[in-house]
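Everything below belongs to my_file15.cif, which stores mmCIF, C-alpha atoms and all ligand atoms.
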```
data_my_file
loop_
_atom_site.label_atom_id
_atom_site.label_comp_id
_atom_site.auth_asym_id
_atom_site.auth_seq_id
_atom_site.Cartn_x
_atom_site.Cartn_y
_atom_site.Cartn_z
CA MET S 1 13.81 -10.33 -49.20
CA ASN S 2 10.34 -11.25 -48.00
CA ASP S 3 10.54 -12.96 -44.59
CA HIS S 4 7.63 -15.18 -45.54
CA ALA S 5 8.95 -16.18 -48.96
CA ASP S 6 9.17 -19.83 -47.91
CA LEU S 7 5.54 -19.99 -46.72
CA PRO S 8 2.92 -21.35 -49.11
CA ALA S 9 0.60 -18.69 -50.50
CA GLN S 10 -2.66 -18.31 -48.55
CA SER S 11 -5.95 -18.42 -50.38
CA PRO S 12 -8.03 -15.28 -49.76
CA ALA S 13 -10.55 -17.39 -47.81
CA GLN S 14 -7.89 -18.40 -45.27
CA THR S 15 -6.51 -14.96 -44.68
CA PRO S 16 -8.93 -13.57 -42.04
CA SER S 17 -8.44 -16.46 -39.63
CA VAL S 18 -4.67 -16.30 -40.09
CA VAL S 19 -4.71 -12.59 -39.38
CA ALA S 20 -6.89 -13.13 -36.29
CA LEU S 21 -4.52 -15.87 -35.08
CA ALA S 22 -1.47 -13.70 -35.63
CA SER S 23 -2.96 -10.79 -33.73
CA ARG S 24 -3.80 -13.06 -30.79
CA ILE S 25 -0.26 -14.37 -30.65
CA ALA S 26 1.26 -10.93 -31.00
CA LYS S 27 -0.86 -9.39 -28.23
CA PRO S 28 -0.99 -11.59 -25.13
CA ALA S 29 -3.36 -10.14 -22.58
CA PRO S 30 -1.71 -8.47 -19.62
CA PRO S 31 -1.80 -10.24 -16.25
CA ARG S 32 -4.81 -9.70 -14.04
CA VAL S 33 -3.69 -7.96 -10.89
CA ILE S 34 -5.76 -8.76 -7.79
CA ALA S 35 -5.11 -7.11 -4.43
CA ILE S 36 -6.05 -9.28 -1.45
CA ALA S 37 -7.00 -6.68 1.11
CA ASN S 38 -8.72 -6.18 4.43
CA GLN S 39 -7.33 -3.85 7.06
CA LYS S 40 -8.45 -6.25 9.78
CA GLY S 41 -5.61 -8.44 10.94
CA GLY S 42 -5.62 -12.23 10.81
CA VAL S 43 -8.62 -12.70 8.50
CA GLY S 44 -6.84 -14.98 6.02
CA LYS S 45 -5.31 -12.56 3.47
CA THR S 46 -1.91 -14.26 3.36
CA THR S 47 -3.38 -17.77 3.56
CA THR S 48 -5.61 -16.87 0.61
CA ALA S 49 -2.75 -15.32 -1.39
CA ILE S 50 -0.57 -18.42 -0.92
CA ASN S 51 -3.25 -21.05 -1.47
CA LEU S 52 -5.33 -19.35 -4.14
CA GLY S 53 -2.02 -18.66 -5.92
CA THR S 54 -1.05 -22.32 -5.64
CA ALA S 55 -4.48 -23.50 -6.75
CA LEU S 56 -4.43 -21.19 -9.80
CA ALA S 57 -0.94 -22.46 -10.66
CA ALA S 58 -2.13 -26.06 -10.23
CA ILE S 59 -4.80 -25.51 -12.87
CA GLY S 60 -2.31 -24.08 -15.33
CA GLU S 61 -2.09 -20.34 -14.65
CA GLN S 62 1.25 -18.55 -14.32
CA VAL S 63 1.01 -16.79 -10.97
CA LEU S 64 3.08 -14.14 -9.21
CA ILE S 65 2.47 -13.30 -5.55
CA ILE S 66 3.63 -9.83 -4.56
CA ASP S 67 4.29 -9.72 -0.82
CA LEU S 68 3.40 -6.19 0.20
CA ASP S 69 3.37 -6.84 3.93
CA PRO S 70 6.53 -6.06 5.95
CA GLN S 71 5.70 -9.13 8.10
CA GLY S 72 6.69 -11.19 5.03
CA ASN S 73 4.32 -14.03 5.93
CA ALA S 74 3.58 -14.93 2.31
CA SER S 75 7.32 -15.18 1.60
CA THR S 76 7.99 -17.32 4.69
CA GLY S 77 4.88 -19.43 4.10
CA LEU S 78 6.21 -20.27 0.64
CA GLY S 79 9.55 -21.35 2.05
CA ILE S 80 11.59 -18.30 0.94
CA ASP S 81 14.25 -17.83 3.61
CA ARG S 82 15.47 -14.34 4.50
CA GLN S 83 18.95 -14.79 2.96
CA SER S 84 17.53 -15.52 -0.47
CA ARG S 85 15.47 -12.30 -0.52
CA ARG S 86 18.17 -10.45 -2.48
CA HIS S 87 15.66 -7.98 -3.92
CA SER S 88 12.34 -7.30 -2.26
CA THR S 89 9.16 -5.31 -2.71
CA TYR S 90 10.91 -2.53 -0.77
CA ASP S 91 13.63 -2.32 -3.48
CA VAL S 92 10.96 -2.41 -6.17
CA LEU S 93 8.93 0.42 -4.60
CA MET S 94 12.12 2.44 -4.06
CA ALA S 95 12.99 1.87 -7.76
CA ALA S 96 16.26 0.20 -6.72
CA ALA S 97 15.23 -2.99 -8.54
CA THR S 98 12.74 -3.88 -11.25
CA LEU S 99 9.90 -6.23 -10.49
CA SER S 100 11.51 -8.85 -12.76
CA ASP S 101 14.79 -8.54 -10.81
CA ALA S 102 12.95 -9.37 -7.60
CA VAL S 103 10.94 -12.38 -8.82
CA LEU S 104 11.88 -15.67 -7.16
CA ALA S 105 10.64 -19.11 -8.19
CA THR S 106 8.94 -21.15 -5.48
CA ALA S 107 8.86 -24.93 -5.07
CA VAL S 108 5.42 -24.87 -6.74
CA PRO S 109 5.57 -25.05 -10.54
CA ARG S 110 4.24 -21.87 -12.21
CA LEU S 111 4.15 -19.98 -8.88
CA SER S 112 6.64 -17.17 -8.23
CA ILE S 113 6.92 -14.52 -5.56
CA VAL S 114 8.37 -11.08 -5.06
CA PRO S 115 9.31 -11.38 -1.36
CA SER S 116 9.12 -8.67 1.25
CA THR S 117 11.54 -7.64 3.96
CA LEU S 118 11.11 -5.59 7.13
CA ASP S 119 12.48 -2.45 5.37
CA LEU S 120 9.06 -2.14 3.83
CA SER S 121 7.67 -0.88 7.14
CA GLY S 122 9.77 2.31 6.75
CA LEU S 123 8.69 3.03 3.19
CA GLU S 124 5.72 5.21 4.07
CA LEU S 125 7.93 7.70 5.92
CA GLU S 126 10.65 7.61 3.30
CA VAL S 127 8.38 8.51 0.40
CA SER S 128 5.77 10.60 2.21
CA GLN S 129 6.89 13.79 0.43
CA GLU S 130 7.09 12.23 -3.03
CA ARG S 131 4.33 13.13 -5.46
CA ASP S 132 4.27 9.65 -6.99
CA ARG S 133 4.11 7.87 -3.62
CA ALA S 134 0.81 6.11 -4.33
CA PHE S 135 1.86 4.96 -7.81
CA ARG S 136 5.14 3.22 -7.06
CA LEU S 137 3.80 -0.30 -7.46
CA ARG S 138 1.70 0.65 -10.47
CA ARG S 139 4.81 2.03 -12.16
CA ALA S 140 6.79 -1.11 -11.34
CA LEU S 141 4.05 -3.28 -12.89
CA ALA S 142 3.81 -1.20 -16.06
CA PRO S 143 6.35 -3.24 -18.11
CA MET S 144 4.43 -6.42 -17.24
CA ARG S 145 1.27 -4.90 -18.64
CA ASP S 146 2.80 -3.58 -21.84
CA ALA S 147 1.94 -6.03 -24.60
CA THR S 148 4.69 -4.62 -26.85
CA VAL S 149 7.47 -5.58 -24.43
CA ARG S 150 6.49 -9.00 -23.26
CA VAL S 151 8.59 -9.31 -20.12
CA SER S 152 6.63 -12.02 -18.36
CA ASP S 153 4.16 -14.81 -18.84
CA PHE S 154 2.21 -14.16 -15.66
CA SER S 155 -1.52 -14.48 -16.04
CA TYR S 156 -2.35 -13.57 -12.41
CA MET S 157 -0.61 -11.35 -9.91
CA LEU S 158 -1.92 -11.55 -6.34
CA ILE S 159 -0.88 -8.77 -3.98
CA ASP S 160 -0.83 -9.73 -0.29
CA CYS S 161 -1.65 -6.49 1.55
CA PRO S 162 -0.77 -5.58 5.15
CA PRO S 163 -3.49 -5.26 7.82
CA SER S 164 -3.86 -1.51 7.42
CA LEU S 165 -5.21 1.04 4.97
CA ASN S 166 -1.75 2.61 4.79
CA LEU S 167 0.30 3.75 1.82
CA LEU S 168 1.27 0.16 0.98
CA THR S 169 -2.37 -0.87 0.64
CA VAL S 170 -3.09 2.30 -1.34
CA ASN S 171 -0.21 1.36 -3.67
CA ALA S 172 -1.77 -2.08 -4.10
CA LEU S 173 -5.20 -0.61 -4.84
CA ALA S 174 -3.74 1.94 -7.27
CA ALA S 175 -1.93 -0.88 -9.13
CA ALA S 176 -4.67 -3.54 -9.12
CA ASP S 177 -7.45 -4.36 -11.52
CA ALA S 178 -9.58 -5.74 -8.71
CA VAL S 179 -9.79 -6.35 -4.97
CA LEU S 180 -10.52 -9.68 -3.31
CA VAL S 181 -11.67 -9.28 0.30
CA PRO S 182 -11.27 -12.17 2.73
CA LEU S 183 -13.81 -11.95 5.58
CA GLN S 184 -13.39 -14.15 8.61
CA CYS S 185 -16.56 -15.91 9.79
CA GLU S 186 -16.61 -14.35 13.26
CA PHE S 187 -18.75 -11.92 15.21
CA PHE S 188 -17.09 -8.72 13.99
CA ALA S 189 -16.71 -9.95 10.41
CA LEU S 190 -18.36 -6.94 8.81
CA GLU S 191 -16.74 -4.42 11.09
CA GLY S 192 -14.40 -2.33 8.98
CA LEU S 193 -15.75 -3.59 5.66
CA SER S 194 -17.49 -0.30 4.92
CA GLN S 195 -14.25 1.57 5.63
CA LEU S 196 -12.41 -0.71 3.19
CA LEU S 197 -15.09 -0.23 0.53
CA GLN S 198 -14.92 3.53 1.11
CA THR S 199 -11.13 3.44 0.56
CA VAL S 200 -11.64 1.44 -2.63
CA ASP S 201 -14.12 4.10 -3.82
CA THR S 202 -11.68 6.90 -3.03
CA VAL S 203 -8.82 5.15 -4.85
CA LYS S 204 -11.15 4.51 -7.76
CA SER S 205 -12.17 8.14 -8.05
CA GLN S 206 -8.74 9.66 -7.47
CA LEU S 207 -6.09 7.17 -8.54
CA ASN S 208 -7.38 4.15 -10.46
CA PRO S 209 -10.75 4.47 -12.25
CA GLU S 210 -10.63 0.84 -13.45
CA LEU S 211 -10.50 -0.62 -9.93
CA MET S 212 -13.35 -2.95 -8.99
CA ILE S 213 -14.29 -5.33 -6.20
CA HIS S 214 -13.73 -8.89 -7.41
CA GLY S 215 -15.62 -10.35 -4.49
CA ILE S 216 -15.71 -11.38 -0.87
CA VAL S 217 -14.44 -14.76 0.26
CA LEU S 218 -15.57 -16.07 3.64
CA THR S 219 -12.75 -17.71 5.56
CA MET S 220 -12.21 -19.87 8.65
CA HIS S 221 -15.77 -21.13 8.66
CA ASP S 222 -16.68 -23.66 11.33
CA ALA S 223 -19.81 -25.54 10.27
CA ARG S 224 -20.48 -26.73 13.85
CA ASN S 225 -20.58 -23.18 15.10
CA ASN S 226 -23.94 -21.37 14.83
CA LEU S 227 -22.22 -18.01 14.83
CA SER S 228 -20.14 -18.96 11.79
CA ASN S 229 -23.30 -20.00 9.94
CA GLN S 230 -25.06 -16.80 11.01
CA VAL S 231 -22.19 -14.68 9.64
CA VAL S 232 -22.41 -16.47 6.29
CA ALA S 233 -26.17 -15.83 6.13
CA ASP S 234 -25.73 -12.14 7.13
CA VAL S 235 -22.97 -11.46 4.63
CA ARG S 236 -24.87 -13.15 1.82
CA ALA S 237 -28.08 -11.29 2.70
CA ASN S 238 -26.55 -7.85 3.15
CA SER S 239 -23.54 -7.57 0.87
CA LYS S 240 -23.93 -5.57 -2.30
CA GLN S 241 -20.69 -7.13 -3.45
CA LYS S 242 -20.26 -10.55 -5.02
CA VAL S 243 -19.78 -13.21 -2.31
CA TYR S 244 -18.08 -16.35 -3.58
CA ASP S 245 -20.02 -19.62 -3.24
CA THR S 246 -16.85 -21.27 -1.97
CA ILE S 247 -16.39 -20.88 1.77
CA ILE S 248 -12.96 -21.64 3.19
CA PRO S 249 -13.40 -23.92 6.25
CA ARG S 250 -11.36 -23.60 9.41
CA ASN S 251 -8.94 -26.48 8.97
CA VAL S 252 -5.92 -27.33 11.08
CA ARG S 253 -3.95 -28.48 8.01
CA VAL S 254 -4.27 -24.95 6.57
CA SER S 255 -2.76 -23.43 9.70
CA GLU S 256 0.03 -26.04 9.96
CA ALA S 257 1.26 -25.75 6.37
CA PRO S 258 3.09 -22.35 6.65
CA SER S 259 5.36 -23.64 9.40
CA TYR S 260 6.68 -26.17 6.84
CA GLY S 261 7.10 -23.38 4.27
CA LYS S 262 4.47 -25.02 2.09
CA PRO S 263 1.05 -24.14 0.69
CA VAL S 264 -1.62 -26.42 2.11
CA LEU S 265 -2.16 -27.89 -1.36
CA VAL S 266 1.41 -29.23 -1.23
CA TYR S 267 1.29 -30.13 2.47
CA ASP S 268 -1.98 -32.09 2.23
CA LEU S 269 -3.72 -31.99 -1.14
CA LYS S 270 -6.69 -34.04 0.06
CA CYS S 271 -7.67 -31.97 3.11
CA VAL S 272 -10.84 -29.88 3.07
CA GLY S 273 -8.81 -26.64 3.06
CA SER S 274 -6.99 -27.61 -0.15
CA GLU S 275 -10.23 -28.67 -1.79
CA ALA S 276 -11.82 -25.34 -0.89
CA TYR S 277 -8.96 -23.28 -2.35
CA LEU S 278 -9.13 -25.32 -5.58
CA ARG S 279 -12.86 -24.59 -5.80
CA LEU S 280 -12.20 -20.90 -5.13
CA ALA S 281 -9.63 -20.80 -7.95
CA THR S 282 -12.15 -22.32 -10.36
CA GLU S 283 -14.75 -19.76 -9.29
CA ILE S 284 -12.30 -16.90 -9.68
CA ILE S 285 -11.46 -17.99 -13.22
CA GLN S 286 -15.16 -18.29 -14.01
CA ARG S 287 -15.80 -14.79 -12.64
CA GLU S 288 -12.86 -13.47 -14.65
CA LYS S 289 -14.48 -14.82 -17.79
CA GLU S 290 -17.77 -13.12 -16.90
CA LEU S 291 -16.01 -9.83 -16.14
CA MET S 292 -14.00 -10.00 -19.35
CA ALA S 293 -17.08 -10.80 -21.41
CA ASN S 294 -18.71 -7.62 -20.08
CA SER S 295 -15.61 -5.46 -20.44
CA PRO S 296 -14.82 -3.17 -23.36
CA LEU S 297 -11.70 -5.30 -23.90
CA ALA S 298 -13.91 -8.35 -24.52
CA GLU S 299 -12.92 -8.72 -28.14
CA ASN S 300 -9.23 -8.80 -27.20
CA VAL S 301 -9.34 -10.86 -24.04
CA ILE S 302 -11.68 -13.75 -23.47
CA ASP S 303 -9.94 -16.47 -21.59
CA SER S 304 -6.70 -17.26 -19.92
CA ASP S 305 -5.37 -19.16 -22.93
CA GLN S 306 -5.14 -15.86 -24.69
CA ARG S 307 -3.27 -14.39 -21.74
CA HIS S 308 -0.57 -16.87 -22.55
CA GLY S 309 -0.80 -15.96 -26.22
CA VAL S 310 -2.04 -19.47 -27.00
CA ALA S 311 -4.39 -19.80 -29.93
N1 LIG K 401 -8.86 -21.77 6.81
C1 LIG K 401 -8.08 -21.70 7.89
N2 LIG K 401 -8.10 -22.67 8.83
C2 LIG K 401 -7.31 -22.60 9.93
N3 LIG K 401 -6.48 -21.59 10.17
C3 LIG K 401 -6.40 -20.60 9.27
C4 LIG K 401 -7.19 -20.59 8.08
N4 LIG K 401 -6.92 -19.46 7.39
C5 LIG K 401 -5.98 -18.81 8.10
N5 LIG K 401 -5.68 -19.48 9.23
C6 LIG K 401 -4.71 -19.08 10.27
O1 LIG K 401 -5.16 -17.84 10.80
C7 LIG K 401 -4.04 -16.99 11.04
C8 LIG K 401 -4.24 -15.69 10.25
O2 LIG K 401 -4.24 -16.01 8.87
P1 LIG K 401 -3.45 -15.09 7.82
O3 LIG K 401 -2.05 -14.88 8.28
O4 LIG K 401 -3.67 -15.67 6.49
O5 LIG K 401 -4.27 -13.75 7.98
P2 LIG K 401 -3.88 -12.31 7.46
O6 LIG K 401 -5.15 -11.60 7.19
O7 LIG K 401 -2.90 -12.39 6.36
O8 LIG K 401 -3.15 -11.71 8.74
P3 LIG K 401 -2.38 -10.30 8.81
O9 LIG K 401 -3.47 -9.29 8.85
O10 LIG K 401 -1.58 -10.37 10.10
O11 LIG K 401 -1.53 -10.18 7.60
C9 LIG K 401 -2.81 -17.77 10.62
O12 LIG K 401 -2.25 -18.37 11.76
C10 LIG K 401 -3.34 -18.82 9.67
O13 LIG K 401 -2.55 -19.99 9.64
MG MG K 402 -1.01 -11.46 6.19
#
```

Output the file's structure as structure tokens, nothing else.
Amino acid sequence: MNDHADLPAQSPAQTPSVVALASRIAKPAPPRVIAIANQKGGVGKTTTAINLGTALAAIGEQVLIIDLDPQGNASTGLGIDRQSRRHSTYDVLMAAATLSDAVLATAVPRLSIVPSTLDLSGLELEVSQERDRAFRLRRALAPMRDATVRVSDFSYMLIDCPPSLNLLTVNALAAADAVLVPLQCEFFALEGLSQLLQTVDTVKSQLNPELMIHGIVLTMHDARNNLSNQVVADVRANSKQKVYDTIIPRNVRVSEAPSYGKPVLVYDLKCVGSEAYLRLATEIIQREKELMANSPLAENVIDSDQRHGVA
């Protein structure tokens, strides 16, 4: 029997739009995977992962943070205590758990996390002889990207990288669509950036041809400090990469929030740090639209509604 026997017959004029609608519903776009990376320590990678993730979730995206740092700061900063980390990114990279197994909900609606544990620091040694060592995260993400087996509704996955260009960061770069680079507004801001960009180029040529730089976000800016302003001017004048208009200010509320296990947007929605991360999220979505419009996938993927399979 025809499954559609109870549907009214379509006139020929209606058919194309119905077909287009059906194909959009059947093929939700895969999540966009963004690695937040800079091998310099303490530049705001984790703060950006947590708060950009929260801001994207607040404006309706389904977000997964993947904590790829053995320090586990993103997990702790989102209030995930150690006992509840039953599966972690270590288990996922060791193929002892699937990514879906390891996903935990957070207190923020639409924001989930795959937490990390200290075991992750030993991973590099454990898999150093394995041929697939750089592709472990990419392989774990594959079911999430496969439109035929829709295993998740995530529209963004943000990978919080450790402060090193080690195998974990290489796994993140090999798995990501794009890299977001937080740069702290301080004297040595640009130190190490060329090494990071070089690593991105190497990963692009050897492991992940689709990888691109999403952009640079300036963090911990102090408007009263001439040096901070000078760094902004220098980075804007000299960077060949996109530098986001949004600058994240140094704000005590941002630094207090993790000790309460909360994103700053939950801790104090009205503070300047929260406002900045909301602006950054809006800019990121805008840039995504521009990138998608220029991509060969443009006819399949235009905006985030389609990622959710919404007509
Ligand atoms: N906008 C901000 N205003 C005030 N403090 C901030 C801001 N952004 C980050 N911090 C603080 O700076 C410190 C470093 O930030 P964060 O942990 O996000 O950096 P990171 O790059 O992830 O560090 P690591 O390299 O160790 O992983 C933290 O104590 C954090 O609370
Ligand atoms: Mg960190």

- Message: For a test of reading the model, state the distance in Å between atom O3 of ligand LIG 401 (chain K) and atom CA of S:Gly41, rounded to one decimal.
- Response: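 It comes out at 7.8 Å.
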
- Query: For S:Val235, which of S:Pro115, S:Gly215, S:Pro263, S:Pro31 is the closest residue, counting all atoms listed in the file?
  - Reply: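 Among the listed residues, S:Gly215 lies closest to S:Val235.
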
- Message: Ranking S:Ala95, S:Ala174, S:Leu118, S:Ile159 by minimum distance to S:Leu52 and counting only C-alpha atoms, which one comes first?
- Response: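 Nearest to S:Leu52: S:Ile159.
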
Grab me every residue within 9 Å of ligand MG 402 (chain K), counting only C-alpha atoms and all ligand atoms, and send it over as a PDB file with C-alpha atoms, keeping the file's coordinate frame.
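The resulting pocket24.pdb:
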```pdb
ATOM      1  CA  GLY S  41      -5.610  -8.440  10.940  1.00  0.00           C
ATOM      2  CA  GLY S  42      -5.620 -12.230  10.810  1.00  0.00           C
ATOM      3  CA  VAL S  43      -8.620 -12.700   8.500  1.00  0.00           C
ATOM      4  CA  GLY S  44      -6.840 -14.980   6.020  1.00  0.00           C
ATOM      5  CA  LYS S  45      -5.310 -12.560   3.470  1.00  0.00           C
ATOM      6  CA  THR S  46      -1.910 -14.260   3.360  1.00  0.00           C
ATOM      7  CA  THR S  47      -3.380 -17.770   3.560  1.00  0.00           C
ATOM      8  CA  ALA S  49      -2.750 -15.320  -1.390  1.00  0.00           C
ATOM      9  CA  ASP S  67       4.290  -9.720  -0.820  1.00  0.00           C
ATOM     10  CA  ASP S  69       3.370  -6.840   3.930  1.00  0.00           C
ATOM     11  CA  GLN S  71       5.700  -9.130   8.100  1.00  0.00           C
ATOM     12  CA  GLY S  72       6.690 -11.190   5.030  1.00  0.00           C
ATOM     13  CA  ASN S  73       4.320 -14.030   5.930  1.00  0.00           C
ATOM     14  CA  ALA S  74       3.580 -14.930   2.310  1.00  0.00           C
ATOM     15  CA  ASP S 160      -0.830  -9.730  -0.290  1.00  0.00           C
ATOM     16  CA  CYS S 161      -1.650  -6.490   1.550  1.00  0.00           C
ATOM     17  CA  PRO S 162      -0.770  -5.580   5.150  1.00  0.00           C
ATOM     18  CA  PRO S 163      -3.490  -5.260   7.820  1.00  0.00           C
TER      19      PRO S 163
END
```

Return as JSON the centre and edge lengths, in Å with one decimal, of the box along x, y and z that encloses every atom of ligand LIG 401 (chain K) in the file, padded by 6 Å per side.
```
{"center_x": -5.2, "center_y": -16.0, "center_z": 9.1, "size_x": 19.3, "size_y": 25.4, "size_z": 17.4}
```

- Task: Please give me, as a ChimeraX atom specification, the residues lying within 10 Å of ligand LIG 401 (chain K) when counting all atoms listed in the file.
- Result: /S:36-51,68-74,77,160-164,181-184,218-222,247-259,264,272-274,276-277

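The space between atom CA of S:Met94 and atom CA of S:Gln62 spans 25.8 Å.
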
- Message: Using all atoms listed in the file for the distances, tell me which of S:Ala134, S:Leu125, S:Ala142, S:Ile65 is nearest to S:Ser112.
- Response: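 Checking each candidate against S:Ser112, we get S:Ile65 as the closest.
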
- Query: Which is closest to S:Pro109 among S:Asp91, S:Ser121, S:Ala97, S:Ala57, if we use all atoms listed in the file?
  - Reply: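 Looking only at the distances to S:Pro109, the closest residue turns out to be S:Ala57.
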
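Interatomic distance, atom CA of S:Met157 against atom CA of S:Tyr90: 17.1 Å.
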
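When all atoms listed in the file are used to compute distances to S:Leu165, the closest of the residues S:Met292, S:Val200, S:Leu56, S:Leu137 turns out to be S:Val200.
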
- May I have the protein, DNA and RNA residues with an atom at most 10 Å from (-5.5, 10.5, -7.3), counting all atoms listed in the file in the file's coordinates, returned as a PyMOL selection string? chain S and resi 132+134-135+174+202-209

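The environment of S:Thr98 within 12 Å, counting all atoms listed in the file and disregarding residues fewer than 3 places along the same chain, consists of His87, Ser88, Thr89, Tyr90, Asp91, Val92, Leu93, Met94, Ala95, Asp101, Ala102, Val103, Val114, Arg136, Leu137, Arg138, Arg139, Ala140, Leu141, Ala142, Pro143, Met144 and Val151 of chain S.
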
- Smallest atom-to-atom distance to S:Ser152: which of S:Ile284, S:Leu265, S:Val63, S:Leu278, using all atoms listed in the file?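 Among the listed residues, the smallest separation from S:Ser152 belongs to S:Val63.
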
- Message: If we count only C-alpha atoms and set the cut-off at 8 Å, which residues sit around stretch 225-232 of chain S, ignoring sequence neighbours fewer than 6 positions away in its own chain? Please answer as an MDAnalysis selection string.
- Response: chainID S and resid 185:187 189 218

Restrict the output to stretch 110-141 of chain S and C-alpha atoms, then write it as a PDB file, in the first residue's frame.
```
ATOM      1  CA  ARG S 110      20.703  23.558  24.684  1.00  0.00           C
ATOM      2  CA  LEU S 111      24.312  23.396  25.960  1.00  0.00           C
ATOM      3  CA  SER S 112      25.989  20.006  26.480  1.00  0.00           C
ATOM      4  CA  ILE S 113      29.542  18.951  27.156  1.00  0.00           C
ATOM      5  CA  VAL S 114      31.807  15.973  26.687  1.00  0.00           C
ATOM      6  CA  PRO S 115      33.944  16.362  29.834  1.00  0.00           C
ATOM      7  CA  SER S 116      37.620  15.622  30.180  1.00  0.00           C
ATOM      8  CA  THR S 117      39.569  13.844  32.880  1.00  0.00           C
ATOM      9  CA  LEU S 118      43.258  13.805  33.776  1.00  0.00           C
ATOM     10  CA  ASP S 119      43.763  10.490  31.892  1.00  0.00           C
ATOM     11  CA  LEU S 120      43.783  12.571  28.753  1.00  0.00           C
ATOM     12  CA  SER S 121      47.297  13.774  29.569  1.00  0.00           C
ATOM     13  CA  GLY S 122      48.594  10.212  28.990  1.00  0.00           C
ATOM     14  CA  LEU S 123      46.868   9.717  25.656  1.00  0.00           C
ATOM     15  CA  GLU S 124      49.716  11.000  23.504  1.00  0.00           C
ATOM     16  CA  LEU S 125      52.087   8.324  24.817  1.00  0.00           C
ATOM     17  CA  GLU S 126      49.476   5.594  24.668  1.00  0.00           C
ATOM     18  CA  VAL S 127      48.646   6.089  21.004  1.00  0.00           C
ATOM     19  CA  SER S 128      51.980   7.378  19.728  1.00  0.00           C
ATOM     20  CA  GLN S 129      52.568   4.224  17.659  1.00  0.00           C
ATOM     21  CA  GLU S 130      49.054   4.075  16.205  1.00  0.00           C
ATOM     22  CA  ARG S 131      48.677   5.078  12.577  1.00  0.00           C
ATOM     23  CA  ASP S 132      45.307   6.731  13.182  1.00  0.00           C
ATOM     24  CA  ARG S 133      46.524   8.742  16.184  1.00  0.00           C
ATOM     25  CA  ALA S 134      45.721  12.139  14.651  1.00  0.00           C
ATOM     26  CA  PHE S 135      42.245  11.092  13.484  1.00  0.00           C
ATOM     27  CA  ARG S 136      40.757   9.742  16.689  1.00  0.00           C
ATOM     28  CA  LEU S 137      38.486  12.710  17.336  1.00  0.00           C
ATOM     29  CA  ARG S 138      37.562  13.022  13.671  1.00  0.00           C
ATOM     30  CA  ARG S 139      36.485   9.377  13.667  1.00  0.00           C
ATOM     31  CA  ALA S 140      34.447   9.855  16.847  1.00  0.00           C
ATOM     32  CA  LEU S 141      32.637  12.833  15.273  1.00  0.00           C
TER      33      LEU S 141
END
```
